[in-house]
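Listing of entry.cif, mmCIF, C-alpha atoms (C1' of nucleotides)
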```
data_protein
#
loop_
_atom_site.group_PDB
_atom_site.id
_atom_site.type_symbol
_atom_site.label_atom_id
_atom_site.label_comp_id
_atom_site.auth_asym_id
_atom_site.auth_seq_id
_atom_site.Cartn_x
_atom_site.Cartn_y
_atom_site.Cartn_z
ATOM 1 C CA MET A 1 17.080 -1.405 -1.803
ATOM 2 C CA GLU A 2 15.771 0.761 0.989
ATOM 3 C CA ASN A 3 12.304 0.175 2.347
ATOM 4 C CA ILE A 4 9.815 -0.154 -0.485
ATOM 5 C CA THR A 5 7.057 -1.781 1.564
ATOM 6 C CA GLU A 6 4.491 0.958 1.132
ATOM 7 C CA MET A 7 5.166 1.231 -2.561
ATOM 8 C CA LEU A 8 4.484 -2.478 -3.007
ATOM 9 C CA LYS A 9 1.031 -2.158 -1.542
ATOM 10 C CA GLY A 10 -1.455 -2.585 -4.292
ATOM 11 C CA VAL A 11 1.051 -3.906 -6.805
ATOM 12 C CA LEU A 12 2.330 -7.073 -5.192
ATOM 13 C CA GLU A 13 -1.015 -8.786 -5.640
ATOM 14 C CA GLY A 14 -0.943 -7.897 -9.323
ATOM 15 C CA CYS A 15 2.558 -9.316 -9.639
ATOM 16 C CA VAL A 16 1.382 -12.565 -8.107
ATOM 17 C CA LEU A 17 -1.541 -12.704 -10.538
ATOM 18 C CA GLU A 18 0.863 -12.152 -13.418
ATOM 19 C CA ILE A 19 3.229 -14.872 -12.199
ATOM 20 C CA ILE A 20 0.383 -17.359 -11.826
ATOM 21 C CA SER A 21 -0.876 -16.476 -15.299
ATOM 22 C CA ARG A 22 2.453 -17.653 -16.748
ATOM 23 C CA GLY A 23 1.633 -21.175 -15.631
ATOM 24 C CA GLU A 24 0.524 -23.257 -12.703
ATOM 25 C CA THR A 25 2.630 -22.516 -9.643
ATOM 26 C CA TYR A 26 2.606 -22.551 -5.842
ATOM 27 C CA GLY A 27 3.269 -20.158 -2.962
ATOM 28 C CA TYR A 28 6.842 -21.007 -2.172
ATOM 29 C CA GLU A 29 7.868 -20.741 -5.798
ATOM 30 C CA ILE A 30 6.010 -17.467 -6.243
ATOM 31 C CA THR A 31 7.981 -16.056 -3.321
ATOM 32 C CA HIS A 32 11.236 -17.022 -4.977
ATOM 33 C CA GLN A 33 10.189 -15.578 -8.305
ATOM 34 C CA LEU A 34 9.364 -12.261 -6.656
ATOM 35 C CA ARG A 35 12.757 -12.248 -4.981
ATOM 36 C CA GLU A 36 14.447 -13.030 -8.245
ATOM 37 C CA LEU A 37 12.567 -10.138 -9.801
ATOM 38 C CA GLY A 38 14.287 -7.846 -7.315
ATOM 39 C CA PHE A 39 11.842 -7.723 -4.426
ATOM 40 C CA THR A 40 14.348 -9.526 -2.258
ATOM 41 C CA ASP A 41 12.629 -8.936 1.052
ATOM 42 C CA VAL A 42 9.321 -10.584 0.212
ATOM 43 C CA VAL A 43 8.646 -13.425 2.632
ATOM 44 C CA GLU A 44 6.397 -16.458 2.476
ATOM 45 C CA GLY A 45 3.905 -14.997 4.920
ATOM 46 C CA THR A 46 3.296 -12.065 2.596
ATOM 47 C CA VAL A 47 2.685 -14.272 -0.415
ATOM 48 C CA TYR A 48 0.489 -16.498 1.673
ATOM 49 C CA THR A 49 -1.842 -13.638 2.604
ATOM 50 C CA ILE A 50 -2.067 -12.748 -1.072
ATOM 51 C CA THR A 51 -2.834 -16.258 -2.288
ATOM 52 C CA MET A 52 -5.424 -16.590 0.482
ATOM 53 C CA ARG A 53 -7.032 -13.435 -0.854
ATOM 54 C CA LEU A 54 -7.003 -14.753 -4.407
ATOM 55 C CA GLU A 55 -8.734 -17.902 -3.168
ATOM 56 C CA LYS A 56 -11.288 -15.926 -1.202
ATOM 57 C CA ASN A 57 -12.059 -13.746 -4.219
ATOM 58 C CA ASN A 58 -12.369 -16.815 -6.410
ATOM 59 C CA TRP A 59 -9.760 -15.703 -8.880
ATOM 60 C CA VAL A 60 -7.829 -18.983 -8.880
ATOM 61 C CA ASP A 61 -8.349 -22.692 -9.215
ATOM 62 C CA ILE A 62 -6.483 -24.830 -6.729
ATOM 63 C CA GLU A 63 -4.971 -28.265 -6.898
ATOM 64 C CA ARG A 64 -3.005 -29.952 -4.145
ATOM 65 C CA ARG A 65 -0.304 -32.334 -5.262
ATOM 66 C CA PRO A 66 2.514 -34.182 -3.463
ATOM 67 C CA SER A 67 6.130 -33.165 -3.948
ATOM 68 C CA THR A 68 9.305 -35.206 -3.765
ATOM 69 C CA MET A 69 11.060 -32.197 -2.206
ATOM 70 C CA GLY A 70 8.911 -31.774 0.872
ATOM 71 C CA PRO A 71 5.304 -31.385 1.905
ATOM 72 C CA PRO A 72 2.512 -31.244 -0.691
ATOM 73 C CA ARG A 73 2.223 -28.133 -2.838
ATOM 74 C CA LYS A 74 -0.844 -26.073 -3.499
ATOM 75 C CA PHE A 75 -0.865 -25.248 -7.186
ATOM 76 C CA TYR A 76 -2.726 -22.198 -8.439
ATOM 77 C CA THR A 77 -4.058 -21.377 -11.872
ATOM 78 C CA LEU A 78 -5.943 -18.233 -12.887
ATOM 79 C CA ASN A 79 -9.586 -18.744 -13.758
ATOM 80 C CA ALA A 80 -11.592 -16.374 -15.976
ATOM 81 C CA ALA A 81 -12.292 -13.954 -13.137
ATOM 82 C CA GLY A 82 -8.605 -13.930 -12.223
ATOM 83 C CA GLN A 83 -7.642 -13.125 -15.780
ATOM 84 C CA GLU A 84 -10.091 -10.238 -15.801
ATOM 85 C CA GLU A 85 -8.575 -9.012 -12.578
ATOM 86 C CA LEU A 86 -5.101 -9.253 -14.046
ATOM 87 C CA LYS A 87 -6.169 -7.162 -17.010
ATOM 88 C CA ALA A 88 -7.686 -4.610 -14.647
ATOM 89 C CA PHE A 89 -4.434 -4.545 -12.707
ATOM 90 C CA TRP A 90 -2.363 -3.705 -15.763
ATOM 91 C CA ARG A 91 -4.876 -1.079 -16.832
ATOM 92 C CA LYS A 92 -4.551 0.567 -13.427
ATOM 93 C CA TRP A 93 -0.794 0.205 -13.407
ATOM 94 C CA ASP A 94 -0.432 1.798 -16.845
ATOM 95 C CA PHE A 95 -2.637 4.653 -15.753
ATOM 96 C CA VAL A 96 -0.968 5.329 -12.417
ATOM 97 C CA SER A 97 2.595 4.856 -13.612
ATOM 98 C CA SER A 98 2.060 7.087 -16.631
ATOM 99 C CA LYS A 99 0.657 9.835 -14.423
ATOM 100 C CA ILE A 100 3.524 9.617 -11.984
ATOM 101 C CA ASN A 101 6.114 9.640 -14.729
ATOM 102 C CA GLU A 102 4.315 12.634 -16.167
ATOM 103 C CA LEU A 103 4.654 14.402 -12.846
ATOM 104 C CA LYS A 104 8.300 13.428 -12.660
ATOM 105 C CA ALA A 105 9.082 14.698 -16.140
ATOM 106 C CA LYS A 106 7.197 17.976 -15.903
ATOM 107 C CA MET B 1 -10.664 5.232 -13.622
ATOM 108 C CA GLU B 2 -11.590 2.250 -11.508
ATOM 109 C CA ASN B 3 -10.415 2.042 -7.936
ATOM 110 C CA ILE B 4 -6.731 2.838 -7.709
ATOM 111 C CA THR B 5 -6.673 3.507 -3.970
ATOM 112 C CA GLU B 6 -4.367 0.667 -3.057
ATOM 113 C CA MET B 7 -1.996 1.459 -5.873
ATOM 114 C CA LEU B 8 -1.641 5.009 -4.623
ATOM 115 C CA LYS B 9 -0.406 3.849 -1.253
ATOM 116 C CA GLY B 10 3.204 4.771 -0.920
ATOM 117 C CA VAL B 11 3.267 6.987 -3.984
ATOM 118 C CA LEU B 12 0.832 9.727 -3.103
ATOM 119 C CA GLU B 13 3.129 11.075 -0.434
ATOM 120 C CA GLY B 14 5.947 11.256 -2.980
ATOM 121 C CA CYS B 15 3.684 13.102 -5.394
ATOM 122 C CA VAL B 16 2.905 15.653 -2.718
ATOM 123 C CA LEU B 17 6.600 16.093 -1.978
ATOM 124 C CA GLU B 18 7.250 16.645 -5.685
ATOM 125 C CA ILE B 19 4.441 19.188 -5.963
ATOM 126 C CA ILE B 20 5.688 21.116 -2.950
ATOM 127 C CA SER B 21 9.216 21.062 -4.353
ATOM 128 C CA ARG B 22 7.966 22.987 -7.404
ATOM 129 C CA GLY B 23 7.188 25.938 -5.159
ATOM 130 C CA GLU B 24 5.456 26.989 -1.987
ATOM 131 C CA THR B 25 1.882 25.699 -1.889
ATOM 132 C CA TYR B 26 -0.894 24.662 0.464
ATOM 133 C CA GLY B 27 -3.131 21.659 1.055
ATOM 134 C CA TYR B 28 -6.195 22.692 -0.880
ATOM 135 C CA GLU B 29 -4.137 23.608 -3.911
ATOM 136 C CA ILE B 30 -2.143 20.374 -3.717
ATOM 137 C CA THR B 31 -5.424 18.457 -3.807
ATOM 138 C CA HIS B 32 -6.449 20.243 -6.970
ATOM 139 C CA GLN B 33 -3.096 19.658 -8.602
ATOM 140 C CA LEU B 34 -3.353 15.933 -7.906
ATOM 141 C CA ARG B 35 -6.812 15.901 -9.414
ATOM 142 C CA GLU B 36 -5.584 17.745 -12.457
ATOM 143 C CA LEU B 37 -2.812 15.172 -12.774
ATOM 144 C CA GLY B 38 -5.512 12.527 -13.156
ATOM 145 C CA PHE B 39 -6.044 11.316 -9.611
ATOM 146 C CA THR B 40 -9.534 12.744 -9.684
ATOM 147 C CA ASP B 41 -10.809 11.047 -6.555
ATOM 148 C CA VAL B 42 -8.227 12.424 -4.157
ATOM 149 C CA VAL B 43 -9.961 14.429 -1.454
ATOM 150 C CA GLU B 44 -8.776 17.086 0.944
ATOM 151 C CA GLY B 45 -8.779 14.744 3.927
ATOM 152 C CA THR B 46 -6.279 12.477 2.234
ATOM 153 C CA VAL B 47 -3.917 15.293 1.414
ATOM 154 C CA TYR B 48 -4.295 16.646 4.891
ATOM 155 C CA THR B 49 -3.113 13.399 6.473
ATOM 156 C CA ILE B 50 -0.116 13.477 4.166
ATOM 157 C CA THR B 51 0.854 17.054 4.929
ATOM 158 C CA MET B 52 0.454 16.315 8.645
ATOM 159 C CA ARG B 53 2.896 13.447 8.180
ATOM 160 C CA LEU B 54 5.359 15.692 6.349
ATOM 161 C CA GLU B 55 5.155 18.128 9.253
ATOM 162 C CA LYS B 56 5.609 15.400 11.806
ATOM 163 C CA ASN B 57 8.658 14.065 9.973
ATOM 164 C CA ASN B 58 10.086 17.549 9.712
ATOM 165 C CA TRP B 59 10.375 17.493 5.960
ATOM 166 C CA VAL B 60 8.660 20.852 5.401
ATOM 167 C CA ASP B 61 8.770 24.423 6.598
ATOM 168 C CA ILE B 62 5.428 25.993 7.299
ATOM 169 C CA GLU B 63 4.103 29.502 7.020
ATOM 170 C CA ARG B 64 0.558 30.553 7.709
ATOM 171 C CA ARG B 65 -0.721 33.464 5.676
ATOM 172 C CA PRO B 66 -4.175 35.027 5.218
ATOM 173 C CA SER B 67 -6.067 34.576 1.984
ATOM 174 C CA THR B 68 -8.508 36.896 0.281
ATOM 175 C CA MET B 69 -10.485 33.855 -0.877
ATOM 176 C CA GLY B 70 -11.277 32.288 2.498
ATOM 177 C CA PRO B 71 -9.612 31.212 5.712
ATOM 178 C CA PRO B 72 -5.834 31.460 6.137
ATOM 179 C CA ARG B 73 -3.635 29.084 4.151
ATOM 180 C CA LYS B 74 -0.814 26.941 5.446
ATOM 181 C CA PHE B 75 2.019 27.194 2.972
ATOM 182 C CA TYR B 76 4.574 24.422 2.752
ATOM 183 C CA THR B 77 8.118 24.404 1.411
ATOM 184 C CA LEU B 78 10.518 21.465 1.380
ATOM 185 C CA ASN B 79 13.496 21.755 3.696
ATOM 186 C CA ALA B 80 16.762 19.859 3.205
ATOM 187 C CA ALA B 81 15.414 16.674 4.794
ATOM 188 C CA GLY B 82 12.328 16.869 2.593
ATOM 189 C CA GLN B 83 14.443 17.165 -0.511
ATOM 190 C CA GLU B 84 16.446 14.125 0.532
ATOM 191 C CA GLU B 85 13.207 12.253 1.045
ATOM 192 C CA LEU B 86 11.988 13.312 -2.383
ATOM 193 C CA LYS B 87 15.167 11.975 -3.954
ATOM 194 C CA ALA B 88 14.730 8.710 -2.050
ATOM 195 C CA PHE B 89 11.155 8.514 -3.307
ATOM 196 C CA TRP B 90 12.174 8.783 -6.933
ATOM 197 C CA ARG B 91 14.946 6.245 -6.416
ATOM 198 C CA LYS B 92 12.392 3.809 -5.005
ATOM 199 C CA TRP B 93 9.881 4.614 -7.714
ATOM 200 C CA ASP B 94 12.393 4.044 -10.482
ATOM 201 C CA PHE B 95 13.377 0.744 -8.937
ATOM 202 C CA VAL B 96 9.887 -0.582 -8.325
ATOM 203 C CA SER B 97 8.386 0.634 -11.595
ATOM 204 C CA SER B 98 11.261 -0.758 -13.627
ATOM 205 C CA LYS B 99 10.881 -4.154 -11.962
ATOM 206 C CA ILE B 100 7.159 -4.221 -12.577
ATOM 207 C CA ASN B 101 7.541 -3.180 -16.182
ATOM 208 C CA GLU B 102 10.153 -5.889 -16.532
ATOM 209 C CA LEU B 103 7.661 -8.438 -15.234
ATOM 210 C CA LYS B 104 5.026 -7.097 -17.583
ATOM 211 C CA ALA B 105 7.263 -7.287 -20.630
ATOM 212 C CA LYS B 106 8.731 -10.701 -19.935
ATOM 213 C "C1'" DA C 1 -30.098 35.113 5.440
ATOM 214 C "C1'" DC C 2 -28.412 31.749 2.672
ATOM 215 C "C1'" DA C 3 -25.671 29.136 -0.700
ATOM 216 C "C1'" DG C 4 -21.388 28.012 -2.411
ATOM 217 C "C1'" DG C 5 -16.528 28.107 -2.924
ATOM 218 C "C1'" DT C 6 -12.261 28.180 -0.170
ATOM 219 C "C1'" DA C 7 -9.489 26.009 3.526
ATOM 220 C "C1'" DT C 8 -7.914 23.377 7.634
ATOM 221 C "C1'" DA C 9 -8.855 19.738 10.899
ATOM 222 C "C1'" DT C 10 -10.043 15.039 12.939
ATOM 223 C "C1'" DA C 11 -12.071 10.457 14.152
ATOM 224 C "C1'" DG C 12 -12.937 6.092 12.466
ATOM 225 C "C1'" DT C 13 -12.439 2.281 8.952
ATOM 226 C "C1'" DA C 14 -10.556 -0.993 5.440
ATOM 227 C "C1'" DT C 15 -6.834 -2.765 3.036
ATOM 228 C "C1'" DT C 16 -2.427 -4.469 2.666
ATOM 229 C "C1'" DG C 17 2.415 -6.012 3.367
ATOM 230 C "C1'" DC C 18 5.385 -7.640 7.023
ATOM 231 C "C1'" DA C 19 7.457 -9.859 11.276
ATOM 232 C "C1'" DG C 20 7.544 -13.819 13.739
ATOM 233 C "C1'" DA C 21 6.384 -18.219 14.743
ATOM 234 C "C1'" DG C 22 4.509 -22.913 14.146
ATOM 235 C "C1'" DT C 23 3.793 -27.382 11.678
ATOM 236 C "C1'" DA C 24 5.218 -30.814 8.581
ATOM 237 C "C1'" DG C 25 7.585 -33.555 4.852
ATOM 238 C "C1'" DC C 26 11.832 -34.970 2.596
ATOM 239 C "C1'" DT C 27 17.028 -35.677 1.996
ATOM 240 C "C1'" DT C 28 21.744 -35.896 3.511
ATOM 241 C "C1'" DG C 29 25.533 -36.927 6.563
ATOM 242 C "C1'" DC C 30 27.150 -38.420 10.893
ATOM 243 C "C1'" DG D 1 18.610 -43.439 14.366
ATOM 244 C "C1'" DC D 2 18.719 -38.643 14.398
ATOM 245 C "C1'" DA D 3 19.893 -33.886 13.855
ATOM 246 C "C1'" DA D 4 20.362 -30.312 10.354
ATOM 247 C "C1'" DG D 5 18.686 -28.032 6.539
ATOM 248 C "C1'" DC D 6 15.828 -27.234 2.821
ATOM 249 C "C1'" DT D 7 11.104 -27.280 1.161
ATOM 250 C "C1'" DA D 8 6.336 -25.725 1.866
ATOM 251 C "C1'" DC D 9 2.035 -24.166 3.914
ATOM 252 C "C1'" DT D 10 -0.265 -21.847 7.763
ATOM 253 C "C1'" DC D 11 -1.534 -18.449 11.262
ATOM 254 C "C1'" DT D 12 -1.588 -14.220 14.378
ATOM 255 C "C1'" DG D 13 -0.847 -9.650 15.324
ATOM 256 C "C1'" DC D 14 0.863 -5.251 13.794
ATOM 257 C "C1'" DA D 15 1.977 -0.839 11.282
ATOM 258 C "C1'" DA D 16 1.269 2.163 7.533
ATOM 259 C "C1'" DT D 17 -1.690 4.459 4.462
ATOM 260 C "C1'" DA D 18 -5.733 6.234 1.801
ATOM 261 C "C1'" DC D 19 -10.548 6.976 2.283
ATOM 262 C "C1'" DT D 20 -15.192 8.302 4.455
ATOM 263 C "C1'" DA D 21 -17.581 11.442 6.809
ATOM 264 C "C1'" DT D 22 -17.952 15.310 9.364
ATOM 265 C "C1'" DA D 23 -16.973 19.731 11.675
ATOM 266 C "C1'" DT D 24 -15.336 24.337 11.689
ATOM 267 C "C1'" DA D 25 -14.533 28.757 9.685
ATOM 268 C "C1'" DC D 26 -13.796 32.603 6.308
ATOM 269 C "C1'" DC D 27 -15.387 35.185 2.322
ATOM 270 C "C1'" DT D 28 -18.427 36.656 -1.725
ATOM 271 C "C1'" DG D 29 -22.685 37.131 -4.232
ATOM 272 C "C1'" DT D 30 -27.605 37.104 -4.331
#
```
What does this structure look like when you write it as C-alpha cells?
Amino acid sequence: MENITEMLKGVLEGCVLEIISRGETYGYEITHQLRELGFTDVVEGTVYTITMRLEKNNWVDIERRPSTMGPPRKFYTLNAAGQEELKAFWRKWDFVSSKINELKAK
Amino acid sequence: MENITEMLKGVLEGCVLEIISRGETYGYEITHQLRELGFTDVVEGTVYTITMRLEKNNWVDIERRPSTMGPPRKFYTLNAAGQEELKAFWRKWDFVSSKINELKAK
DNA sequence: ACAGGTATATAGTATTGCAGAGTAGCTTGC
DNA sequence: GCAAGCTACTCTGCAATACTATATACCTGT
C-alpha cells in the first residue's frame, strides 16, 4: 500500500489500545499484530512511542516478565482509564468515518 | 464532538480535494462545507494551510475573482494531478478504514 | 464611525508516526 | 567458543499536519 503514514496519525494509538484490550501483550507482539492487520510498515519504534504514551497517560498497567525467547517482555493491560479512552476512540472513529463516508457517497 | 484533531490528520486534505472536485470553490466556502459535514471546529486557518499545500503540489488551478460580499475570492479547481491524488486518497481511505473496522469487529 | 460578516494570509505550537540506531538476551549451527 | 539471527526494548531526531492567534482588507447596515 502506498504511503498511509498521515492517515494513521490519530488511529494507530487507538488500534494499540484495542489490541491490548484483547489480552495482556507486549510491544514486539503488538507490532506484529498491526503488521498482520495490514499495516505492514509499522516498526517497533513507532509502537514504542505509543506504549510510552499510554504509560505516561496512565492508561495501562505494566508487568515485566522474563521470556525464553529473548530479553524480558513488558506486558501491558488496560486499566479503567485506558478502557474509557478506548471507548472514546471508537466513538470518535465512528463519528469521523461516518462523516467521511457520507462525503464520499454524496 | 470531543477532540478529533489527531484523527483528522491525513484525511482533511482528502476531504478538501473531494469538495473542490464537486465544483469550483474557495477557502472560506470550503471551511463552511466542512463544518456543515460535521467537522464543526475546523477554522479558516486550517483550510488555508491545506489549500496552500494543494497549490504548492500543483494539484489545483487557481482563479482570483472579485466578490460582492467582501474581498476577492480565490477559486480552486482540481487539475489532472489533483484528480489522481483524490483517487489515491480514496484508495488509502478504503484500505485504512476497512482494516480498522476489521479490527473493531474481530 | 462602528460593528459584523466575508475572505485571504501567516507565524508559532503541539502532536504524532517514522527512520535509524543502539543494547541485550536467547538459540542454533559451525 | 563464537558468529548469525531472531526476539525485544529503548532512544534521538525529524517531517507532516491541524490548530491557535492574529493581521489585513473589503463590503453592508445602522
Write out as lines of an AutoDock Vina configuration file an axis-aligned box for segment 14-27 of chain C: all of its atoms listed in the file, 4 Å added on each side, centre and edge lengths in Å with one decimal.
```
center_x = 3.2
center_y = -18.3
center_z = 8.4
size_x = 35.6
size_y = 42.7
size_z = 20.7
```
*On this structure, which residues satisfy the PyMOL selection byres ((chain A) within 6 of (chain D)), written as a ChimeraX atom specification?*
/A:69-71
*Within 12 Å of Glu36 of chain B, counting only C-alpha atoms (C1' of nucleotides), which residues qualify if same-chain residues fewer than 5 places away don't, as a ChimeraX atom specification?*
/A:99,102-103 /B:29-31,41-42
*Mind giving me the straight-line distance from atom C1' of DG20 of chain C to atom CA of Lys56 of chain A in Å, one decimal?*
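Interatomic distance here is 24.1 Å.
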*Starting from the shown file, work through the PyMOL selection byres ((chain C and resi 7) around 8) and note down what comes out as a list in words.*
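With the shown file as input, the PyMOL selection byres ((chain C and resi 7) around 8) matches Tyr28, Gly70, Pro71, Pro72 and Arg73 of chain B; DT6 and DT8 of chain C.
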*List as a PyMOL selection string: which residues have an atom within 12 Å of (4.7, -1.5, 8.6), counting all atoms listed in the file?*
(chain A and resi 3-9) or (chain B and resi 10) or (chain C and resi 16-19) or (chain D and resi 13-17)
*Between atom CA of Ile50 of chain A and atom CA of Ala88 of chain B, measure the distance and give it in Å to one decimal.*
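One can read the atom CA of Ile50 of chain A to atom CA of Ala88 of chain B distance as 27.3 Å.
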*Could you pull the residues within 12 Å of Lys106 of chain B, counting all atoms listed in the file, minus those fewer than 6 positions along the same chain, as a list of chain:residue names?*
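So, after excluding close chain neighbours, the residues are A:Glu18, A:Ile19, A:Arg22, A:Leu37, B:Lys99, B:Ile100.
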*asked:* Please compute the atom CA of Gly23 of chain B-atom CA of Phe95 of chain A distance, one decimal, in Å.
replied: 25.7 Å
Tell me which protein, DNA and RNA residues are within 9 Å of Ser21 of chain B, counting all atoms listed in the file, leaving out same-chain ones fewer than 3 positions away, and put them as a PDB file with C-alpha atoms, in the frame of the given file.
```pdb
ATOM      1  CA  VAL B  16       2.905  15.653  -2.718  1.00  0.00           C
ATOM      2  CA  LEU B  17       6.600  16.093  -1.978  1.00  0.00           C
ATOM      3  CA  GLU B  18       7.250  16.645  -5.685  1.00  0.00           C
ATOM      4  CA  GLU B  24       5.456  26.989  -1.987  1.00  0.00           C
ATOM      5  CA  THR B  77       8.118  24.404   1.411  1.00  0.00           C
ATOM      6  CA  LEU B  78      10.518  21.465   1.380  1.00  0.00           C
ATOM      7  CA  GLY B  82      12.328  16.869   2.593  1.00  0.00           C
ATOM      8  CA  GLN B  83      14.443  17.165  -0.511  1.00  0.00           C
ATOM      9  CA  LEU B  86      11.988  13.312  -2.383  1.00  0.00           C
TER      10      LEU B  86
END
```
*Polymer residues at most 9 Å from Gly14 of chain B, only C-alpha atoms (C1' of nucleotides), same-chain spacing of 6 or more positions, as a ChimeraX atom specification*: /B:85-86,89-90
